[in-house]
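coords00.csv follows; it contains CSV, C-alpha atoms.
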```csv
chain,number,residue,atom,x,y,z
H,304,MET,CA,44.4,26.9,-28.3
H,305,PRO,CA,41.0,25.8,-29.9
H,306,LEU,CA,40.7,22.3,-31.3
H,307,ASP,CA,40.4,21.8,-35.0
H,308,ASP,CA,37.7,19.6,-36.6
H,309,GLU,CA,39.9,16.5,-36.8
H,310,GLN,CA,40.9,16.7,-33.2
H,311,VAL,CA,37.2,17.0,-32.1
H,312,LYS,CA,36.3,13.9,-34.3
H,313,ARG,CA,39.1,11.9,-32.7
H,314,LEU,CA,38.0,12.8,-29.2
H,315,LEU,CA,34.4,11.9,-30.0
H,316,SER,CA,35.3,8.6,-31.6
H,317,ALA,CA,37.2,7.6,-28.5
H,318,LYS,CA,34.1,8.0,-26.2
H,319,SER,CA,31.9,5.0,-25.5
H,320,ARG,CA,28.5,5.0,-27.1
H,321,VAL,CA,25.7,4.3,-24.6
H,322,THR,CA,22.1,3.6,-25.7
H,323,PRO,CA,19.5,3.0,-22.9
H,324,TYR,CA,16.6,0.6,-23.4
H,325,VAL,CA,13.7,-0.6,-21.2
H,326,GLY,CA,13.0,-4.4,-21.3
H,327,ARG,CA,11.1,-7.0,-19.3
H,328,TYR,CA,12.9,-9.5,-17.1
H,329,VAL,CA,11.8,-13.1,-17.8
H,330,GLY,CA,14.3,-15.1,-15.8
H,331,ASN,CA,18.0,-16.1,-15.7
H,332,GLU,CA,20.3,-18.7,-17.1
H,333,GLY,CA,23.0,-19.2,-14.5
H,334,MET,CA,24.7,-15.8,-14.0
H,335,LEU,CA,23.0,-14.2,-17.0
H,336,ALA,CA,19.7,-12.4,-17.2
H,337,THR,CA,17.1,-13.2,-19.8
H,338,VAL,CA,15.2,-10.1,-21.0
H,339,ASP,CA,12.6,-9.3,-23.6
H,340,LEU,CA,13.5,-6.2,-25.6
H,341,GLY,CA,10.5,-5.5,-27.8
H,342,ASP,CA,9.9,-8.7,-29.9
H,343,GLN,CA,13.5,-10.0,-29.2
H,344,ARG,CA,14.6,-12.1,-26.3
H,345,VAL,CA,18.2,-11.6,-25.3
H,346,THR,CA,20.6,-13.1,-22.6
H,347,VAL,CA,22.7,-10.4,-21.0
H,348,PRO,CA,25.0,-10.1,-17.9
H,349,PHE,CA,23.8,-8.5,-14.7
H,350,ALA,CA,25.5,-5.1,-14.3
H,351,SER,CA,25.6,-5.5,-10.5
H,352,SER,CA,25.0,-8.1,-7.8
H,353,GLY,CA,22.1,-6.1,-6.3
H,354,ILE,CA,18.4,-7.0,-6.2
H,355,VAL,CA,17.1,-9.6,-8.7
H,356,PRO,CA,14.0,-8.3,-10.5
H,357,GLU,CA,10.6,-10.1,-10.3
H,358,ILE,CA,9.5,-12.0,-13.4
H,359,ASN,CA,7.9,-9.7,-15.9
H,360,GLU,CA,9.2,-6.6,-14.2
H,361,PRO,CA,10.4,-3.7,-16.3
H,362,VAL,CA,14.2,-3.3,-16.2
H,363,HIS,CA,16.9,-0.9,-17.6
H,364,VAL,CA,19.2,-2.4,-20.3
H,365,TRP,CA,22.1,-0.4,-21.6
H,366,SER,CA,24.0,-1.0,-24.8
H,367,VAL,CA,27.6,0.1,-24.3
H,368,ASP,CA,29.6,0.1,-27.6
H,369,GLY,CA,27.2,-2.6,-28.8
H,370,SER,CA,27.4,-4.9,-25.7
H,371,LEU,CA,24.2,-5.2,-23.6
H,372,MET,CA,24.0,-5.3,-19.8
H,373,MET,CA,21.0,-5.3,-17.4
H,374,LEU,CA,21.2,-2.6,-14.8
H,375,GLY,CA,18.2,-3.5,-12.7
H,376,PRO,CA,14.5,-2.6,-12.1
H,377,THR,CA,13.2,0.7,-13.4
H,378,ALA,CA,11.5,1.4,-10.0
H,379,PRO,CA,13.2,1.6,-6.6
H,380,LYS,CA,13.2,-1.7,-4.7
H,381,PRO,CA,13.9,-1.1,-1.0
H,382,GLY,CA,15.7,-3.9,0.9
H,383,LEU,CA,14.6,-2.9,4.4
H,384,GLY,CA,11.3,-1.7,6.0
H,385,VAL,CA,9.3,-1.3,9.1
H,386,VAL,CA,6.1,-3.3,9.9
H,387,ALA,CA,3.1,-0.9,10.1
H,388,THR,CA,0.3,-3.5,10.6
H,389,VAL,CA,-0.2,-7.3,10.6
H,390,ALA,CA,-3.2,-9.0,9.1
H,391,GLY,CA,-3.1,-12.8,9.2
H,392,ASP,CA,-0.2,-14.0,7.1
H,393,TYR,CA,0.4,-10.6,5.6
H,394,VAL,CA,2.0,-7.3,6.8
H,395,ASN,CA,2.0,-3.7,5.6
H,396,VAL,CA,5.6,-2.7,5.4
H,397,THR,CA,6.6,1.0,5.3
H,398,THR,CA,9.7,1.8,3.3
H,399,ASP,CA,11.4,5.0,1.9
H,400,PHE,CA,9.5,4.3,-1.4
H,401,GLY,CA,6.0,3.7,0.0
H,402,THR,CA,4.1,1.0,1.8
H,403,PHE,CA,3.8,-2.6,0.5
H,404,LEU,CA,1.5,-5.5,1.4
H,405,MET,CA,3.4,-8.8,1.5
H,406,PRO,CA,3.6,-12.2,3.3
H,407,TYR,CA,6.3,-12.8,6.0
H,408,GLY,CA,8.4,-15.7,7.1
H,409,PRO,CA,9.3,-18.0,8.7
H,410,PRO,CA,5.7,-18.6,10.1
H,411,SER,CA,7.1,-19.5,13.6
H,412,ASP,CA,8.4,-16.0,14.1
H,413,PRO,CA,5.7,-13.5,13.0
H,414,PRO,CA,6.6,-9.8,13.2
H,415,THR,CA,4.7,-7.2,15.1
H,416,SER,CA,4.0,-3.5,14.4
H,417,GLY,CA,7.3,-1.6,14.6
H,418,ASP,CA,9.6,-4.5,13.8
H,419,ALA,CA,12.4,-4.0,11.2
H,420,VAL,CA,12.2,-6.5,8.3
H,421,SER,CA,14.3,-7.4,5.3
H,422,ILE,CA,12.5,-7.6,2.0
H,423,ASN,CA,13.1,-10.2,-0.7
H,424,TRP,CA,11.9,-9.3,-4.2
H,425,SER,CA,13.2,-12.1,-6.3
H,426,THR,CA,10.1,-14.4,-6.1
H,427,GLY,CA,7.5,-11.7,-5.4
H,428,ALA,CA,7.7,-9.4,-2.4
H,429,SER,CA,8.1,-11.1,1.0
H,430,CYS,CA,9.8,-10.1,4.2
H,431,MET,CA,11.6,-11.6,7.2
H,432,LYS,CA,11.9,-10.1,10.7
H,433,LEU,CA,15.4,-9.0,11.5
H,434,SER,CA,16.9,-10.4,14.7
H,435,THR,CA,17.9,-6.8,15.7
H,436,SER,CA,16.7,-3.4,14.5
H,437,PRO,CA,19.4,-1.3,12.8
H,438,ASP,CA,20.4,1.9,14.5
H,439,PRO,CA,18.4,4.9,13.3
H,440,VAL,CA,20.0,7.1,10.7
H,441,GLU,CA,20.9,10.5,11.9
H,442,PRO,CA,19.2,13.2,9.9
H,443,PRO,CA,21.6,15.7,8.1
H,444,VAL,CA,22.6,18.9,9.8
H,445,ASN,CA,21.3,22.0,8.3
H,446,PRO,CA,24.0,23.4,6.0
H,447,GLY,CA,23.1,26.9,7.1
H,448,GLY,CA,25.1,26.3,10.3
H,449,GLY,CA,24.3,26.4,13.9
H,450,GLY,CA,24.0,22.6,14.3
H,451,GLU,CA,20.3,22.6,13.8
H,452,VAL,CA,19.0,19.1,12.8
H,453,VAL,CA,16.7,19.0,9.8
H,454,GLN,CA,13.8,16.6,10.2
H,455,PRO,CA,11.5,16.9,7.2
H,456,PRO,CA,8.0,15.6,7.7
H,457,VAL,CA,7.4,12.1,6.3
H,458,VAL,CA,4.2,11.2,4.3
H,459,ARG,CA,3.0,7.6,4.8
H,460,THR,CA,0.1,5.7,3.2
H,461,VAL,CA,-1.1,2.5,4.9
H,462,GLU,CA,-4.0,0.3,3.8
H,463,PHE,CA,-6.0,-1.0,6.7
H,464,ARG,CA,-8.1,-4.0,5.8
H,465,ALA,CA,-11.2,-4.9,7.9
H,466,VAL,CA,-10.7,-7.8,10.2
H,467,ASP,CA,-14.4,-8.6,10.4
H,468,ALA,CA,-17.7,-7.3,9.0
H,469,GLY,CA,-21.4,-8.0,9.2
H,470,SER,CA,-24.9,-6.8,10.3
H,471,THR,CA,-27.0,-7.0,13.4
H,472,ASP,CA,-30.5,-6.2,14.5
H,473,ARG,CA,-31.0,-2.7,15.7
H,474,GLY,CA,-32.6,-3.6,19.0
H,475,ALA,CA,-30.3,-6.5,20.1
H,476,ALA,CA,-26.9,-7.8,19.2
H,477,ARG,CA,-27.6,-10.6,16.7
H,478,TRP,CA,-24.8,-10.7,14.1
H,479,TRP,CA,-26.8,-12.8,11.6
H,480,THR,CA,-24.8,-12.2,8.4
H,481,ASP,CA,-21.2,-11.3,7.5
H,482,ARG,CA,-22.4,-8.8,4.8
H,483,PRO,CA,-22.8,-5.2,6.0
H,484,TYR,CA,-26.4,-4.1,5.3
H,485,ALA,CA,-27.8,-0.6,5.0
H,486,SER,CA,-31.5,-1.3,5.5
H,487,ASN,CA,-34.4,-0.2,7.7
H,488,SER,CA,-34.1,-2.9,10.3
H,489,THR,CA,-30.3,-3.4,10.5
H,490,PHE,CA,-27.0,-1.9,11.5
H,491,GLY,CA,-24.0,-2.8,9.3
H,492,ALA,CA,-20.3,-2.5,10.3
H,493,TRP,CA,-16.7,-3.1,9.3
H,494,PHE,CA,-14.3,-3.7,12.1
H,495,TYR,CA,-10.6,-2.9,12.2
H,496,GLY,CA,-9.6,-3.8,15.8
H,497,SER,CA,-7.2,-1.2,17.2
H,498,GLN,CA,-4.8,-1.2,14.2
H,499,ILE,CA,-5.6,2.3,13.0
H,500,LYS,CA,-5.0,4.0,16.4
H,501,ASP,CA,-2.0,1.8,17.1
H,502,THR,CA,-0.4,2.7,13.7
H,503,ILE,CA,-1.1,6.5,13.2
H,504,PRO,CA,0.8,8.8,15.6
H,505,ALA,CA,-1.4,11.1,17.7
H,506,GLY,CA,0.3,14.2,16.2
H,507,ALA,CA,-0.1,13.0,12.6
H,508,GLU,CA,-1.6,15.5,10.1
H,509,PHE,CA,-4.3,14.5,7.7
H,510,VAL,CA,-3.4,14.1,4.0
H,511,GLY,CA,-6.1,11.7,2.5
H,512,LEU,CA,-8.5,8.9,3.3
H,513,GLU,CA,-10.4,6.5,1.0
H,514,ILE,CA,-12.6,3.5,1.7
H,515,TYR,CA,-12.9,0.5,-0.7
H,516,ILE,CA,-16.6,-0.1,-1.7
H,517,SER,CA,-17.7,-3.5,-2.9
H,518,TYR,CA,-21.4,-3.9,-3.5
H,519,HIS,CA,-23.5,-7.1,-3.3
H,520,GLN,CA,-26.7,-5.2,-4.0
H,521,ARG,CA,-27.7,-1.5,-4.7
H,522,GLN,CA,-31.3,-0.6,-4.1
H,523,GLY,CA,-33.4,2.2,-2.7
H,524,GLY,CA,-32.1,5.3,-0.9
H,525,ALA,CA,-28.5,6.2,-0.1
H,526,PRO,CA,-26.7,4.3,2.6
H,527,ARG,CA,-26.3,6.2,5.9
H,528,PHE,CA,-22.6,6.0,6.7
H,529,ALA,CA,-21.2,6.7,10.2
H,530,LEU,CA,-18.3,5.7,12.4
H,531,HIS,CA,-19.1,3.2,15.2
H,532,ASP,CA,-17.7,2.5,18.6
H,533,GLN,CA,-16.6,-1.1,18.5
H,534,THR,CA,-13.3,-2.9,17.7
H,535,GLY,CA,-15.2,-6.2,17.0
H,536,LYS,CA,-18.6,-7.8,17.0
H,537,ALA,CA,-20.0,-7.4,20.5
H,538,GLY,CA,-23.0,-5.3,21.4
H,539,VAL,CA,-25.2,-3.1,19.2
H,540,PRO,CA,-22.9,-0.5,17.6
H,541,GLY,CA,-23.3,3.1,18.6
H,542,PHE,CA,-23.0,5.7,15.8
H,543,GLY,CA,-23.7,9.3,16.9
H,544,GLY,CA,-25.4,10.5,13.7
H,545,TYR,CA,-24.9,9.6,10.0
H,546,THR,CA,-24.2,11.0,6.5
H,547,GLU,CA,-26.3,9.9,3.6
H,548,TRP,CA,-23.8,8.9,0.8
H,549,ALA,CA,-24.2,6.8,-2.3
H,550,PRO,CA,-20.6,6.0,-3.3
H,551,GLY,CA,-19.5,4.2,-6.5
H,552,SER,CA,-17.5,1.0,-6.4
H,553,GLY,CA,-13.8,0.7,-5.6
H,554,TRP,CA,-11.7,3.3,-3.8
H,555,GLN,CA,-14.0,6.3,-2.8
H,556,THR,CA,-13.4,9.4,-0.7
H,557,PRO,CA,-16.2,9.8,2.0
H,558,PRO,CA,-17.9,13.2,2.5
H,559,ASP,CA,-15.8,14.0,5.6
H,560,PRO,CA,-12.4,12.2,5.2
H,561,ALA,CA,-10.6,14.6,7.6
H,562,GLY,CA,-13.2,14.0,10.3
H,563,TRP,CA,-13.0,10.2,9.8
H,564,PHE,CA,-9.2,10.5,10.1
H,565,ALA,CA,-9.2,12.4,13.3
H,566,ALA,CA,-11.8,10.2,15.0
H,567,LEU,CA,-10.2,6.8,13.9
H,568,LYS,CA,-6.7,8.1,14.8
H,569,ALA,CA,-7.9,8.9,18.3
H,570,GLY,CA,-9.8,5.7,18.9
H,571,GLY,CA,-11.8,6.2,22.1
H,572,ASP,CA,-15.5,6.0,20.9
H,573,ARG,CA,-14.8,5.6,17.2
H,574,TRP,CA,-13.1,2.5,15.9
H,575,GLY,CA,-14.7,1.5,12.6
H,576,VAL,CA,-17.1,2.3,9.7
H,577,GLY,CA,-20.7,1.5,9.9
H,578,LEU,CA,-24.1,1.7,8.2
H,579,ASN,CA,-26.9,3.4,10.2
H,580,GLN,CA,-29.7,2.1,8.0
H,581,GLY,CA,-30.5,3.5,4.6
H,582,GLY,CA,-32.2,2.1,1.5
H,583,PHE,CA,-31.6,-1.6,0.9
H,584,ASN,CA,-27.9,-1.6,0.1
H,585,ILE,CA,-25.8,-4.7,0.8
H,586,PHE,CA,-22.0,-4.8,0.7
H,587,ARG,CA,-19.9,-7.8,0.1
H,588,SER,CA,-18.5,-9.8,3.1
H,589,LEU,CA,-14.8,-10.3,3.6
H,590,ALA,CA,-15.2,-13.9,2.3
H,591,GLN,CA,-16.6,-12.5,-0.9
H,592,ASP,CA,-14.1,-9.7,-1.2
H,593,GLY,CA,-11.2,-9.3,1.2
H,594,MET,CA,-10.9,-5.6,0.2
H,595,SER,CA,-14.5,-4.8,1.3
H,596,GLY,CA,-14.4,-1.8,3.7
H,597,ALA,CA,-10.6,-1.4,3.5
H,598,LEU,CA,-9.3,2.1,4.4
H,599,LYS,CA,-6.4,3.7,2.7
H,600,ILE,CA,-5.1,6.5,4.9
H,601,THR,CA,-2.3,9.0,4.2
H,602,TRP,CA,-0.8,11.2,6.8
H,603,ARG,CA,2.1,13.4,7.5
H,604,ALA,CA,4.2,13.1,10.7
```

Write out the structure in this file as structure tokens.
Amino acid sequence: MPLDDEQVKRLLSAKSRVTPYVGRYVGNEGMLATVDLGDQRVTVPFASSGIVPEINEPVHVWSVDGSLMMLGPTAPKPGLGVVATVAGDYVNVTTDFGTFLMPYGPPSDPPTSGDAVSINWSTGASCMKLSTSPDPVEPPVNPGGGGEVVQPPVVRTVEFRAVDAGSTDRGAARWWTDRPYASNSTFGAWFYGSQIKDTIPAGAEFVGLEIYISYHQRQGGAPRFALHDQTGKAGVPGFGGYTEWAPGSGWQTPPDPAGWFAALKAGGDRWGVGLNQGGFNIFRSLAQDGMSGALKITWRA
């Protein structure tokens, strides 16, 4: 039997009224969250005991029949990850929701590539090495039957920062400055150690590659970019050719990103990015800009 109008009204009036909002988390007062909703600051209960947002982070707030509650951050916040690379007091941590750069602790127990870590987001992202690695999660079985295991490819993006940089004379190893020069009498270089080869699997497929360009001076012809054969400052770097390229500042895609990816992934005779002369262009040292020469590489494996 169909419902009449009055029955429909009674059913609708008995349902909870939910209105979603997005606010900004500004702290807590005991067990309550303080959130800015537009130009109004409110104190509301946490809807769960999950991850505490970072200060100023966007959060979901729901009004249920006029009562407010904070659900949590608007973006996923993974609690576990795996260390991709270590650079000083920071690590690149790979998670199901991307790769994050963060400090680790305690200092007496630094993680290494491949270690499982827990992530704390309440005071800014930081991680701690787990005493044991959790068992790997079994991938789901193909619902089509036959017991075939489905293993979809995983896309990862990791930022590899240079561990050293500078310039040397062409005829002899004399690393006289920490700024990479592209000039008629010098070779410039950024060094990454072996972290790229150690991190990217041999069978990985290229997705993207960018280099972070930070100029100290731009003058004359285009720099001659090339990959070099050294993991750190030692002898005169060998290049094997070059490509004239005058990039802008910030993240830039080089002329042959897939070629760079294949060579750096393999290691062997190509470990870093260099400048085989060109114009009178000077790039910032790592002391001037820690991002100088950083590589952002994305692959599928």

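Using only C-alpha atoms, the smallest distance between any of H:Trp574, H:Phe564, H:Phe509, H:Tyr324 and H:Ser366 comes from H:Tyr324.
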
- In Å and to one decimal, atom CA of H:Tyr518 is distant from atom CA of H:Met594 by 11.3 Å

- Message: Could you check which residues have any atom within 7 Å of (-16.5, -11.3, 15.8), counting all atoms listed in the file with coordinates taken straight from the file, and then list them as a list in words?
- Response: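 I get Asp467, Gly535 and Lys536 of chain H for the residues within 7 Å of that point.
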
- Query: What is the distance, in Å and to one decimal place, between atom CA of H:Gly382 and atom CA of H:Tyr515?
  - Reply: 29.0 Å

- Query: What separation in Å, quoted to one decimal, exists between atom CA of H:Asn359 and atom CA of H:Val385?
  - Reply: 26.4 Å

- Item | Which residue of H:Ala387, H:Leu598, H:Ala566, H:Val396 approaches H:Ile516 most closely, using only C-alpha atoms | H:Leu598

- Query: Within 10 Å of H:Gly524, counting only C-alpha atoms, which residues qualify if same-chain residues fewer than 5 places away don't, as JSON, numbers by chain?
  - Reply: {"H": [485, 486, 547, 548, 549, 580, 581, 582, 583, 584]}

Can you write just those residues out, C-alpha atoms, as a PDB file, in the coordinates of the input?
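The new file part_3.pdb reads:
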```pdb
ATOM      1  CA  ALA H 485     -27.800  -0.600   5.000  1.00  0.00           C
ATOM      2  CA  SER H 486     -31.500  -1.300   5.500  1.00  0.00           C
ATOM      3  CA  GLU H 547     -26.300   9.900   3.600  1.00  0.00           C
ATOM      4  CA  TRP H 548     -23.800   8.900   0.800  1.00  0.00           C
ATOM      5  CA  ALA H 549     -24.200   6.800  -2.300  1.00  0.00           C
ATOM      6  CA  GLN H 580     -29.700   2.100   8.000  1.00  0.00           C
ATOM      7  CA  GLY H 581     -30.500   3.500   4.600  1.00  0.00           C
ATOM      8  CA  GLY H 582     -32.200   2.100   1.500  1.00  0.00           C
ATOM      9  CA  PHE H 583     -31.600  -1.600   0.900  1.00  0.00           C
ATOM     10  CA  ASN H 584     -27.900  -1.600   0.100  1.00  0.00           C
TER      11      ASN H 584
END
```

With only C-alpha atoms as the counted atoms, please give the residues lying no more than 12 Å from stretch 403-408 of chain H, apart from itself and same-chain residues fewer than 6 positions off, as a PDB file with C-alpha atoms, keeping the file's coordinate frame.
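around00.pdb written:
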```pdb
ATOM      1  CA  LYS H 380      13.200  -1.700  -4.700  1.00  0.00           C
ATOM      2  CA  PRO H 381      13.900  -1.100  -1.000  1.00  0.00           C
ATOM      3  CA  GLY H 382      15.700  -3.900   0.900  1.00  0.00           C
ATOM      4  CA  LEU H 383      14.600  -2.900   4.400  1.00  0.00           C
ATOM      5  CA  GLY H 384      11.300  -1.700   6.000  1.00  0.00           C
ATOM      6  CA  VAL H 385       9.300  -1.300   9.100  1.00  0.00           C
ATOM      7  CA  VAL H 386       6.100  -3.300   9.900  1.00  0.00           C
ATOM      8  CA  ALA H 387       3.100  -0.900  10.100  1.00  0.00           C
ATOM      9  CA  THR H 388       0.300  -3.500  10.600  1.00  0.00           C
ATOM     10  CA  VAL H 389      -0.200  -7.300  10.600  1.00  0.00           C
ATOM     11  CA  ALA H 390      -3.200  -9.000   9.100  1.00  0.00           C
ATOM     12  CA  GLY H 391      -3.100 -12.800   9.200  1.00  0.00           C
ATOM     13  CA  ASP H 392      -0.200 -14.000   7.100  1.00  0.00           C
ATOM     14  CA  TYR H 393       0.400 -10.600   5.600  1.00  0.00           C
ATOM     15  CA  VAL H 394       2.000  -7.300   6.800  1.00  0.00           C
ATOM     16  CA  ASN H 395       2.000  -3.700   5.600  1.00  0.00           C
ATOM     17  CA  VAL H 396       5.600  -2.700   5.400  1.00  0.00           C
ATOM     18  CA  THR H 397       6.600   1.000   5.300  1.00  0.00           C
ATOM     19  CA  PRO H 414       6.600  -9.800  13.200  1.00  0.00           C
ATOM     20  CA  THR H 415       4.700  -7.200  15.100  1.00  0.00           C
ATOM     21  CA  ASP H 418       9.600  -4.500  13.800  1.00  0.00           C
ATOM     22  CA  ALA H 419      12.400  -4.000  11.200  1.00  0.00           C
ATOM     23  CA  VAL H 420      12.200  -6.500   8.300  1.00  0.00           C
ATOM     24  CA  SER H 421      14.300  -7.400   5.300  1.00  0.00           C
ATOM     25  CA  ILE H 422      12.500  -7.600   2.000  1.00  0.00           C
ATOM     26  CA  ASN H 423      13.100 -10.200  -0.700  1.00  0.00           C
ATOM     27  CA  TRP H 424      11.900  -9.300  -4.200  1.00  0.00           C
ATOM     28  CA  THR H 426      10.100 -14.400  -6.100  1.00  0.00           C
ATOM     29  CA  GLY H 427       7.500 -11.700  -5.400  1.00  0.00           C
ATOM     30  CA  ALA H 428       7.700  -9.400  -2.400  1.00  0.00           C
ATOM     31  CA  SER H 429       8.100 -11.100   1.000  1.00  0.00           C
ATOM     32  CA  CYS H 430       9.800 -10.100   4.200  1.00  0.00           C
ATOM     33  CA  MET H 431      11.600 -11.600   7.200  1.00  0.00           C
ATOM     34  CA  LYS H 432      11.900 -10.100  10.700  1.00  0.00           C
ATOM     35  CA  LEU H 433      15.400  -9.000  11.500  1.00  0.00           C
ATOM     36  CA  ARG H 459       3.000   7.600   4.800  1.00  0.00           C
ATOM     37  CA  THR H 460       0.100   5.700   3.200  1.00  0.00           C
ATOM     38  CA  VAL H 461      -1.100   2.500   4.900  1.00  0.00           C
ATOM     39  CA  GLU H 462      -4.000   0.300   3.800  1.00  0.00           C
ATOM     40  CA  PHE H 463      -6.000  -1.000   6.700  1.00  0.00           C
ATOM     41  CA  ARG H 464      -8.100  -4.000   5.800  1.00  0.00           C
TER      42      ARG H 464
END
```

- Excluding H:Phe349 and any residue of its chain fewer than 2 positions from it, enumerate the residues within 8 Å of it, using all atoms listed in the file, and give them as a PyMOL selection string. chain H and resi 334-336+347+351-352+372-375

- Task: Select, from H:Ala378, H:Ala561, H:Ala350, H:Phe490, the residue with the minimum atom-to-atom distance to H:Ala507, counting only C-alpha atoms.
- Result: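 Closest to H:Ala507 of all the choices is H:Ala561.
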
- Item | Ref. answer, residues at most 12 Å from (5.6, 13.9, 9.1) with only C-alpha atoms, as a PyMOL selection string | chain H and resi 454-460+503-510+601-604

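Among the candidates H:Ala492, H:Val539, H:Leu371, H:Val362, the residue lying nearest to H:Thr346 is H:Leu371 (atoms considered: all atoms listed in the file).
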
- Pick out the closest residue to H:Ile358 from this set: H:Thr402, H:Thr489, H:Thr337, H:Ser416. Count all atoms listed in the file.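 Among H:Thr402, H:Thr489, H:Thr337, H:Ser416, it is H:Thr337 that comes nearest to H:Ile358.
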
- Would you please work out which residue, of H:Ile600, H:Ala529, H:Val576, H:Val325, is nearest to H:Ala465 when using only C-alpha atoms?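 Among the listed residues, the smallest separation from H:Ala465 belongs to H:Val576.
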
- What's the 12 Å shell around H:Ser552, counting only C-alpha atoms, without same-chain residues fewer than 2 positions away, as a list in words? Glu513, Ile514, Tyr515, Ile516, Ser517, Tyr518, His519, Gln520, Arg521, Ala549, Pro550, Trp554, Gln555, Thr556, Phe586, Arg587, Met594, Ser595 and Gly596 of chain H
